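Next comes model-v3.csv, a file with CSV, N, CA and C atoms.
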```csv
chain,number,residue,atom,x,y,z
F,1,MET,N,68.4,92.6,107.8
F,1,MET,CA,68.9,92.6,106.4
F,1,MET,C,67.7,92.4,105.4
F,2,SER,N,67.7,93.1,104.4
F,2,SER,CA,66.6,93.0,103.4
F,2,SER,C,66.7,91.8,102.6
F,3,GLU,N,65.6,91.3,102.0
F,3,GLU,CA,65.6,90.2,101.1
F,3,GLU,C,66.5,90.4,100.0
F,4,HIS,N,66.6,91.6,99.4
F,4,HIS,CA,67.4,91.9,98.3
F,4,HIS,C,68.9,91.7,98.6
F,5,LYS,N,69.3,92.2,99.8
F,5,LYS,CA,70.7,92.0,100.2
F,5,LYS,C,71.1,90.6,100.4
F,6,ARG,N,70.2,89.8,100.9
F,6,ARG,CA,70.5,88.4,101.1
F,6,ARG,C,70.7,87.6,99.8
F,7,ASN,N,70.1,88.0,98.8
F,7,ASN,CA,70.3,87.3,97.5
F,7,ASN,C,71.4,87.8,96.6
F,8,VAL,N,72.1,88.8,97.1
F,8,VAL,CA,73.2,89.4,96.3
F,8,VAL,C,74.5,88.6,96.7
F,9,SER,N,75.2,88.0,95.8
F,9,SER,CA,76.4,87.3,96.1
F,9,SER,C,77.5,88.3,96.4
F,10,PRO,N,78.5,87.8,97.2
F,10,PRO,CA,79.5,88.8,97.6
F,10,PRO,C,80.4,89.2,96.5
F,11,LEU,N,80.9,90.4,96.6
F,11,LEU,CA,81.9,90.9,95.7
F,11,LEU,C,83.1,90.1,95.7
F,12,ARG,N,83.6,89.6,94.6
F,12,ARG,CA,84.7,88.7,94.4
F,12,ARG,C,85.9,89.4,94.0
F,13,ILE,N,87.0,89.4,94.8
F,13,ILE,CA,88.2,90.1,94.5
F,13,ILE,C,89.4,89.1,94.5
F,14,GLY,N,90.2,89.2,93.5
F,14,GLY,CA,91.4,88.3,93.3
F,14,GLY,C,92.6,89.2,93.4
F,15,ILE,N,93.7,88.6,94.0
F,15,ILE,CA,94.9,89.3,94.1
F,15,ILE,C,95.9,88.7,93.1
F,16,LYS,N,96.4,89.5,92.2
F,16,LYS,CA,97.4,89.0,91.2
F,16,LYS,C,98.7,89.6,91.5
F,17,TYR,N,99.7,88.7,91.6
F,17,TYR,CA,101.1,89.1,92.0
F,17,TYR,C,101.9,89.2,90.7
F,18,CYS,N,102.9,90.1,90.8
F,18,CYS,CA,103.9,90.1,89.7
F,18,CYS,C,104.9,88.9,89.9
F,19,GLY,N,105.9,88.9,89.1
F,19,GLY,CA,106.9,87.8,89.2
F,19,GLY,C,107.8,87.8,90.4
F,20,GLY,N,107.8,88.9,91.1
F,20,GLY,CA,108.6,89.0,92.3
F,20,GLY,C,110.1,89.1,92.1
F,21,CYS,N,110.6,89.5,90.9
F,21,CYS,CA,112.0,89.6,90.6
F,21,CYS,C,112.7,90.7,91.3
F,22,ASN,N,112.0,91.8,91.6
F,22,ASN,CA,112.7,92.9,92.3
F,22,ASN,C,111.7,93.7,93.2
F,23,PRO,N,111.0,93.0,94.1
F,23,PRO,CA,110.0,93.7,94.9
F,23,PRO,C,110.6,94.7,95.9
F,24,GLY,N,110.0,95.9,95.9
F,24,GLY,CA,110.5,96.9,96.8
F,24,GLY,C,109.8,96.9,98.1
F,25,TYR,N,108.9,95.9,98.3
F,25,TYR,CA,108.1,95.8,99.6
F,25,TYR,C,107.6,94.4,99.7
F,26,ASP,N,107.1,94.1,100.9
F,26,ASP,CA,106.6,92.7,101.1
F,26,ASP,C,105.2,92.6,100.6
F,27,ARG,N,105.0,92.1,99.4
F,27,ARG,CA,103.7,92.1,98.7
F,27,ARG,C,102.7,91.3,99.5
F,28,ALA,N,103.1,90.1,100.0
F,28,ALA,CA,102.2,89.3,100.8
F,28,ALA,C,101.7,90.0,102.0
F,29,ALA,N,102.5,90.7,102.7
F,29,ALA,CA,102.1,91.5,103.9
F,29,ALA,C,101.1,92.6,103.6
F,30,LEU,N,101.4,93.2,102.4
F,30,LEU,CA,100.4,94.3,102.0
F,30,LEU,C,99.1,93.7,101.6
F,31,ALA,N,99.2,92.5,100.9
F,31,ALA,CA,97.9,91.8,100.5
F,31,ALA,C,97.1,91.4,101.8
F,32,THR,N,97.8,91.0,102.8
F,32,THR,CA,97.1,90.7,104.1
F,32,THR,C,96.4,92.0,104.6
F,33,LYS,N,97.1,93.1,104.6
F,33,LYS,CA,96.5,94.4,105.1
F,33,LYS,C,95.2,94.7,104.2
F,34,ILE,N,95.3,94.5,102.9
F,34,ILE,CA,94.2,94.8,102.1
F,34,ILE,C,93.0,93.9,102.5
F,35,GLN,N,93.3,92.6,102.6
F,35,GLN,CA,92.2,91.7,103.0
F,35,GLN,C,91.5,92.0,104.3
F,36,ARG,N,92.3,92.5,105.3
F,36,ARG,CA,91.8,92.9,106.6
F,36,ARG,C,91.0,94.2,106.5
F,37,ALA,N,91.3,95.1,105.5
F,37,ALA,CA,90.6,96.3,105.4
F,37,ALA,C,89.3,96.2,104.6
F,38,LEU,N,89.1,95.1,103.9
F,38,LEU,CA,87.9,95.0,103.1
F,38,LEU,C,86.7,94.6,104.0
F,39,SER,N,85.5,95.0,103.5
F,39,SER,CA,84.3,94.7,104.3
F,39,SER,C,84.1,93.2,104.3
F,40,GLU,N,83.2,92.7,105.2
F,40,GLU,CA,82.9,91.3,105.3
F,40,GLU,C,82.2,90.8,104.1
F,41,GLU,N,81.6,91.6,103.3
F,41,GLU,CA,80.8,91.2,102.2
F,41,GLU,C,81.7,90.8,101.0
F,42,VAL,N,83.0,90.9,101.1
F,42,VAL,CA,83.9,90.6,100.1
F,42,VAL,C,84.4,89.1,100.2
F,43,LEU,N,84.5,88.5,99.1
F,43,LEU,CA,85.1,87.1,99.0
F,43,LEU,C,86.4,87.2,98.3
F,44,MET,N,87.5,86.8,98.9
F,44,MET,CA,88.8,86.8,98.2
F,44,MET,C,88.8,85.5,97.5
F,45,VAL,N,89.1,85.6,96.2
F,45,VAL,CA,89.2,84.4,95.3
F,45,VAL,C,90.5,84.4,94.5
F,46,ASP,N,90.8,83.2,94.0
F,46,ASP,CA,91.9,83.1,93.1
F,46,ASP,C,91.6,83.9,91.8
F,47,PRO,N,92.6,84.6,91.3
F,47,PRO,CA,92.3,85.5,90.1
F,47,PRO,C,91.7,84.7,88.9
F,48,GLU,N,91.9,83.4,88.9
F,48,GLU,CA,91.3,82.6,87.8
F,48,GLU,C,89.9,82.2,88.0
F,49,ASP,N,89.4,82.5,89.2
F,49,ASP,CA,88.0,82.1,89.6
F,49,ASP,C,87.0,83.2,89.3
F,50,ASP,N,87.1,83.9,88.2
F,50,ASP,CA,86.1,84.9,87.8
F,50,ASP,C,85.8,86.0,88.8
F,51,PRO,N,86.9,86.7,89.2
F,51,PRO,CA,86.7,87.8,90.2
F,51,PRO,C,86.0,89.0,89.5
F,52,HIS,N,85.3,89.8,90.3
F,52,HIS,CA,84.8,91.1,89.8
F,52,HIS,C,85.9,92.2,89.7
F,53,TRP,N,86.8,92.1,90.7
F,53,TRP,CA,87.9,93.1,90.7
F,53,TRP,C,89.2,92.3,90.9
F,54,ILE,N,90.3,92.9,90.4
F,54,ILE,CA,91.7,92.4,90.6
F,54,ILE,C,92.5,93.4,91.3
F,55,ILE,N,93.2,93.0,92.3
F,55,ILE,CA,94.2,93.9,92.9
F,55,ILE,C,95.5,93.4,92.5
F,56,ALA,N,96.2,94.2,91.6
F,56,ALA,CA,97.5,93.8,91.1
F,56,ALA,C,98.6,94.3,92.0
F,57,MET,N,99.2,93.3,92.7
F,57,MET,CA,100.3,93.6,93.6
F,57,MET,C,101.6,93.6,92.8
F,58,GLN,N,102.0,94.8,92.3
F,58,GLN,CA,103.2,95.0,91.5
F,58,GLN,C,104.3,95.3,92.4
F,59,GLY,N,105.4,94.6,92.4
F,59,GLY,CA,106.5,94.7,93.3
F,59,GLY,C,107.3,95.9,93.1
F,60,CYS,N,107.3,96.5,91.9
F,60,CYS,CA,108.1,97.7,91.5
F,60,CYS,C,107.4,98.4,90.4
F,61,PRO,N,108.0,99.6,90.0
F,61,PRO,CA,107.3,100.4,89.0
F,61,PRO,C,107.2,99.7,87.6
F,62,THR,N,108.0,98.6,87.4
F,62,THR,CA,107.9,97.9,86.1
F,62,THR,C,106.5,97.3,85.9
F,63,ALA,N,105.9,96.9,87.0
F,63,ALA,CA,104.5,96.4,87.0
F,63,ALA,C,104.3,95.3,86.0
F,64,CYS,N,104.9,94.2,86.2
F,64,CYS,CA,104.9,93.1,85.3
F,64,CYS,C,103.8,92.0,85.5
F,65,ALA,N,103.0,92.2,86.5
F,65,ALA,CA,101.9,91.2,86.8
F,65,ALA,C,101.1,91.1,85.5
F,66,ASP,N,100.8,89.8,85.1
F,66,ASP,CA,100.0,89.6,83.9
F,66,ASP,C,98.5,89.8,84.2
F,67,ILE,N,98.1,91.0,83.8
F,67,ILE,CA,96.7,91.4,84.0
F,67,ILE,C,95.9,91.4,82.7
F,68,GLY,N,96.5,90.9,81.6
F,68,GLY,CA,95.9,90.9,80.3
F,68,GLY,C,94.5,90.3,80.2
F,69,PRO,N,94.2,89.3,81.0
F,69,PRO,CA,92.9,88.6,80.9
F,69,PRO,C,91.8,89.4,81.6
F,70,PHE,N,92.1,90.5,82.3
F,70,PHE,CA,91.1,91.2,83.1
F,70,PHE,C,90.8,92.6,82.5
F,71,PRO,N,89.6,93.0,82.7
F,71,PRO,CA,89.2,94.4,82.2
F,71,PRO,C,90.0,95.4,83.0
F,72,GLU,N,90.6,96.3,82.3
F,72,GLU,CA,91.4,97.4,83.0
F,72,GLU,C,90.6,98.2,83.9
F,73,SER,N,89.4,98.4,83.7
F,73,SER,CA,88.5,99.2,84.5
F,73,SER,C,88.3,98.5,85.9
F,74,ASN,N,88.6,97.3,86.0
F,74,ASN,CA,88.3,96.5,87.3
F,74,ASN,C,89.6,96.1,87.9
F,75,ILE,N,90.7,96.9,87.7
F,75,ILE,CA,92.0,96.6,88.3
F,75,ILE,C,92.5,97.7,89.1
F,76,ILE,N,92.9,97.4,90.3
F,76,ILE,CA,93.6,98.3,91.2
F,76,ILE,C,95.0,98.0,91.3
F,77,HIS,N,95.9,98.9,90.9
F,77,HIS,CA,97.3,98.7,90.9
F,77,HIS,C,98.0,99.1,92.2
F,78,ILE,N,98.7,98.3,92.8
F,78,ILE,CA,99.5,98.6,94.0
F,78,ILE,C,101.0,98.4,93.6
F,79,LYS,N,101.8,99.5,93.5
F,79,LYS,CA,103.2,99.4,93.1
F,79,LYS,C,104.1,99.6,94.2
F,80,ASP,N,103.6,100.1,95.3
F,80,ASP,CA,104.5,100.3,96.5
F,80,ASP,C,103.5,100.6,97.7
F,81,GLU,N,104.1,100.6,98.9
F,81,GLU,CA,103.3,100.8,100.1
F,81,GLU,C,102.6,102.2,100.0
F,82,ALA,N,103.1,103.2,99.4
F,82,ALA,CA,102.5,104.5,99.3
F,82,ALA,C,101.1,104.4,98.5
F,83,ASP,N,101.1,103.5,97.5
F,83,ASP,CA,99.8,103.3,96.8
F,83,ASP,C,98.7,102.8,97.7
F,84,LEU,N,99.1,101.8,98.5
F,84,LEU,CA,98.1,101.3,99.4
F,84,LEU,C,97.7,102.3,100.5
F,85,HIS,N,98.7,103.1,101.0
F,85,HIS,CA,98.4,104.1,102.0
F,85,HIS,C,97.5,105.1,101.5
F,86,ARG,N,97.7,105.6,100.2
F,86,ARG,CA,96.8,106.6,99.6
F,86,ARG,C,95.3,106.0,99.5
F,87,ILE,N,95.2,104.8,99.1
F,87,ILE,CA,93.9,104.2,99.0
F,87,ILE,C,93.2,104.1,100.4
F,88,LEU,N,94.0,103.6,101.4
F,88,LEU,CA,93.4,103.4,102.8
F,88,LEU,C,93.1,104.8,103.4
F,89,GLN,N,93.9,105.8,103.1
F,89,GLN,CA,93.7,107.1,103.7
F,89,GLN,C,92.4,107.8,103.1
F,90,ASN,N,92.2,107.6,101.8
F,90,ASN,CA,91.1,108.3,101.1
F,90,ASN,C,89.9,107.4,101.0
F,91,GLY,N,90.1,106.1,101.1
F,91,GLY,CA,89.0,105.1,100.9
F,91,GLY,C,88.8,104.9,99.4
F,92,LEU,N,88.2,103.8,99.1
F,92,LEU,CA,88.0,103.4,97.7
F,92,LEU,C,86.7,102.5,97.7
F,93,TYR,N,85.7,103.0,96.9
F,93,TYR,CA,84.6,102.2,96.7
F,93,TYR,C,84.8,101.3,95.6
F,94,LEU,N,84.5,100.0,95.7
F,94,LEU,CA,84.5,99.0,94.7
F,94,LEU,C,83.1,98.6,94.4
F,95,PHE,N,82.7,98.7,93.2
F,95,PHE,CA,81.3,98.4,92.9
F,95,PHE,C,81.1,97.9,91.5
F,96,LEU,N,79.9,97.3,91.3
F,96,LEU,CA,79.5,96.8,90.0
F,96,LEU,C,78.0,97.1,89.8
F,97,PRO,N,77.5,97.2,88.6
F,97,PRO,CA,76.1,97.6,88.4
F,97,PRO,C,75.1,96.6,89.1
F,98,GLU,N,75.6,95.3,89.2
F,98,GLU,CA,74.6,94.3,89.8
F,98,GLU,C,74.3,94.5,91.2
F,99,GLY,N,74.9,95.5,91.9
F,99,GLY,CA,74.6,95.8,93.3
F,99,GLY,C,75.7,95.3,94.2
F,100,HIS,N,76.8,94.8,93.7
F,100,HIS,CA,77.9,94.4,94.5
F,100,HIS,C,78.6,95.7,94.9
F,101,SER,N,79.1,95.7,96.2
F,101,SER,CA,79.9,96.9,96.6
F,101,SER,C,80.7,96.5,97.8
F,102,ALA,N,81.7,97.3,98.0
F,102,ALA,CA,82.6,97.2,99.2
F,102,ALA,C,83.3,98.5,99.3
F,103,PHE,N,83.8,98.8,100.5
F,103,PHE,CA,84.6,100.0,100.8
F,103,PHE,C,85.9,99.6,101.4
F,104,LEU,N,87.0,99.9,100.7
F,104,LEU,CA,88.3,99.7,101.2
F,104,LEU,C,88.8,100.9,101.9
F,105,SER,N,89.1,100.8,103.2
F,105,SER,CA,89.5,102.0,104.0
F,105,SER,C,90.4,101.6,105.1
F,106,ALA,N,90.9,102.6,105.9
F,106,ALA,CA,91.7,102.3,107.0
F,106,ALA,C,91.0,102.0,108.3
F,107,LYS,N,89.8,101.6,108.2
F,107,LYS,CA,89.0,101.3,109.4
F,107,LYS,C,89.7,100.2,110.2
F,108,PRO,N,89.5,100.3,111.6
F,108,PRO,CA,90.2,99.3,112.4
F,108,PRO,C,89.6,97.9,112.2
F,109,CYS,N,90.4,96.9,112.3
F,109,CYS,CA,90.0,95.5,112.1
F,109,CYS,C,89.4,95.0,113.4
F,110,GLU,N,88.3,94.3,113.3
F,110,GLU,CA,87.7,93.7,114.5
F,110,GLU,C,88.2,92.2,114.5
F,111,ARG,N,88.6,91.8,115.6
F,111,ARG,CA,89.0,90.4,115.8
F,111,ARG,C,88.3,89.7,116.9
```
Please express the file's structure as structure tokens.
Amino acid sequence: MSEHKRNVSPLRIGIKYCGGCNPGYDRAALATKIQRALSEEVLMVDPEDDPHWIIAMQGCPTACADIGPFPESNIIHIKDEADLHRILQNGLYLFLPEGHSAFLSAKPCER
């Protein structure tokens, strides 16, 4: 590993949930799938702990999760299982100019 890579802090991702009044899927189970699909360089944090990215787990198309405090450009919206499937099928690069990066994909999990 290069010296540069060692000094880069991990990409911080928070999961923000909607109110859960009418979820059409198991949001917690999907959040677990997301966590397993992220690279090891990602640190999952509380949404209030200054994340670089927010994954908004919206339980239905109403999408009521309070994402107001976060920059829209750094939010990934998941409104149903199909949204996550599309992301995992195609892959999604998460990056910031400071050199943080991760790739969300359907790669197999190592245990």
Closest to Met44 of chain F among F:His77, F:His85, F:Arg12, F:Arg27, using all atoms listed in the file? F:Arg12
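For segment 20-23 of chain F, the set of protein, DNA and RNA residues having any atom at most 6.5 Å away, when counting only N, CA and C atoms and skipping those fewer than 3 positions along the same chain, is Tyr17, Asp26, Gln58, Gly59 and Cys60 of chain F.
Here atom C of Tyr93 of chain F and atom N of Leu38 of chain F stand 11.2 Å from one another.
One finds atom CA of Ala82 of chain F at 14.9 Å from atom CA of Ala63 of chain F.
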Do you have the atom N of Lys79 of chain F-atom N of Leu30 of chain F distance handy? 10.9 Å
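By chain and then residue number, the residues within 8 Å of Ile67 of chain F are Lys16, Ala56, Ala63, Pro71 and Glu72 of chain F, counting only N, CA and C atoms and disregarding those fewer than 4 positions away in sequence.
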Store the residues of this selection in a file with N, CA and C atoms, as a PDB file, keeping the file's coordinate frame.
```
ATOM      1  N   LYS F  16      96.400  89.500  92.200  1.00  0.00           N
ATOM      2  CA  LYS F  16      97.400  89.000  91.200  1.00  0.00           C
ATOM      3  C   LYS F  16      98.700  89.600  91.500  1.00  0.00           C
ATOM      4  N   ALA F  56      96.200  94.200  91.600  1.00  0.00           N
ATOM      5  CA  ALA F  56      97.500  93.800  91.100  1.00  0.00           C
ATOM      6  C   ALA F  56      98.600  94.300  92.000  1.00  0.00           C
ATOM      7  N   ALA F  63     105.900  96.900  87.000  1.00  0.00           N
ATOM      8  CA  ALA F  63     104.500  96.400  87.000  1.00  0.00           C
ATOM      9  C   ALA F  63     104.300  95.300  86.000  1.00  0.00           C
ATOM     10  N   PRO F  71      89.600  93.000  82.700  1.00  0.00           N
ATOM     11  CA  PRO F  71      89.200  94.400  82.200  1.00  0.00           C
ATOM     12  C   PRO F  71      90.000  95.400  83.000  1.00  0.00           C
ATOM     13  N   GLU F  72      90.600  96.300  82.300  1.00  0.00           N
ATOM     14  CA  GLU F  72      91.400  97.400  83.000  1.00  0.00           C
ATOM     15  C   GLU F  72      90.600  98.200  83.900  1.00  0.00           C
TER      16      GLU F  72
END
```
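The smallest atom-to-atom distance between Phe70 of chain F and any of F:Leu11, F:Ala37, F:Leu84, F:Ile55, using only C-alpha atoms, is found for F:Ile55.
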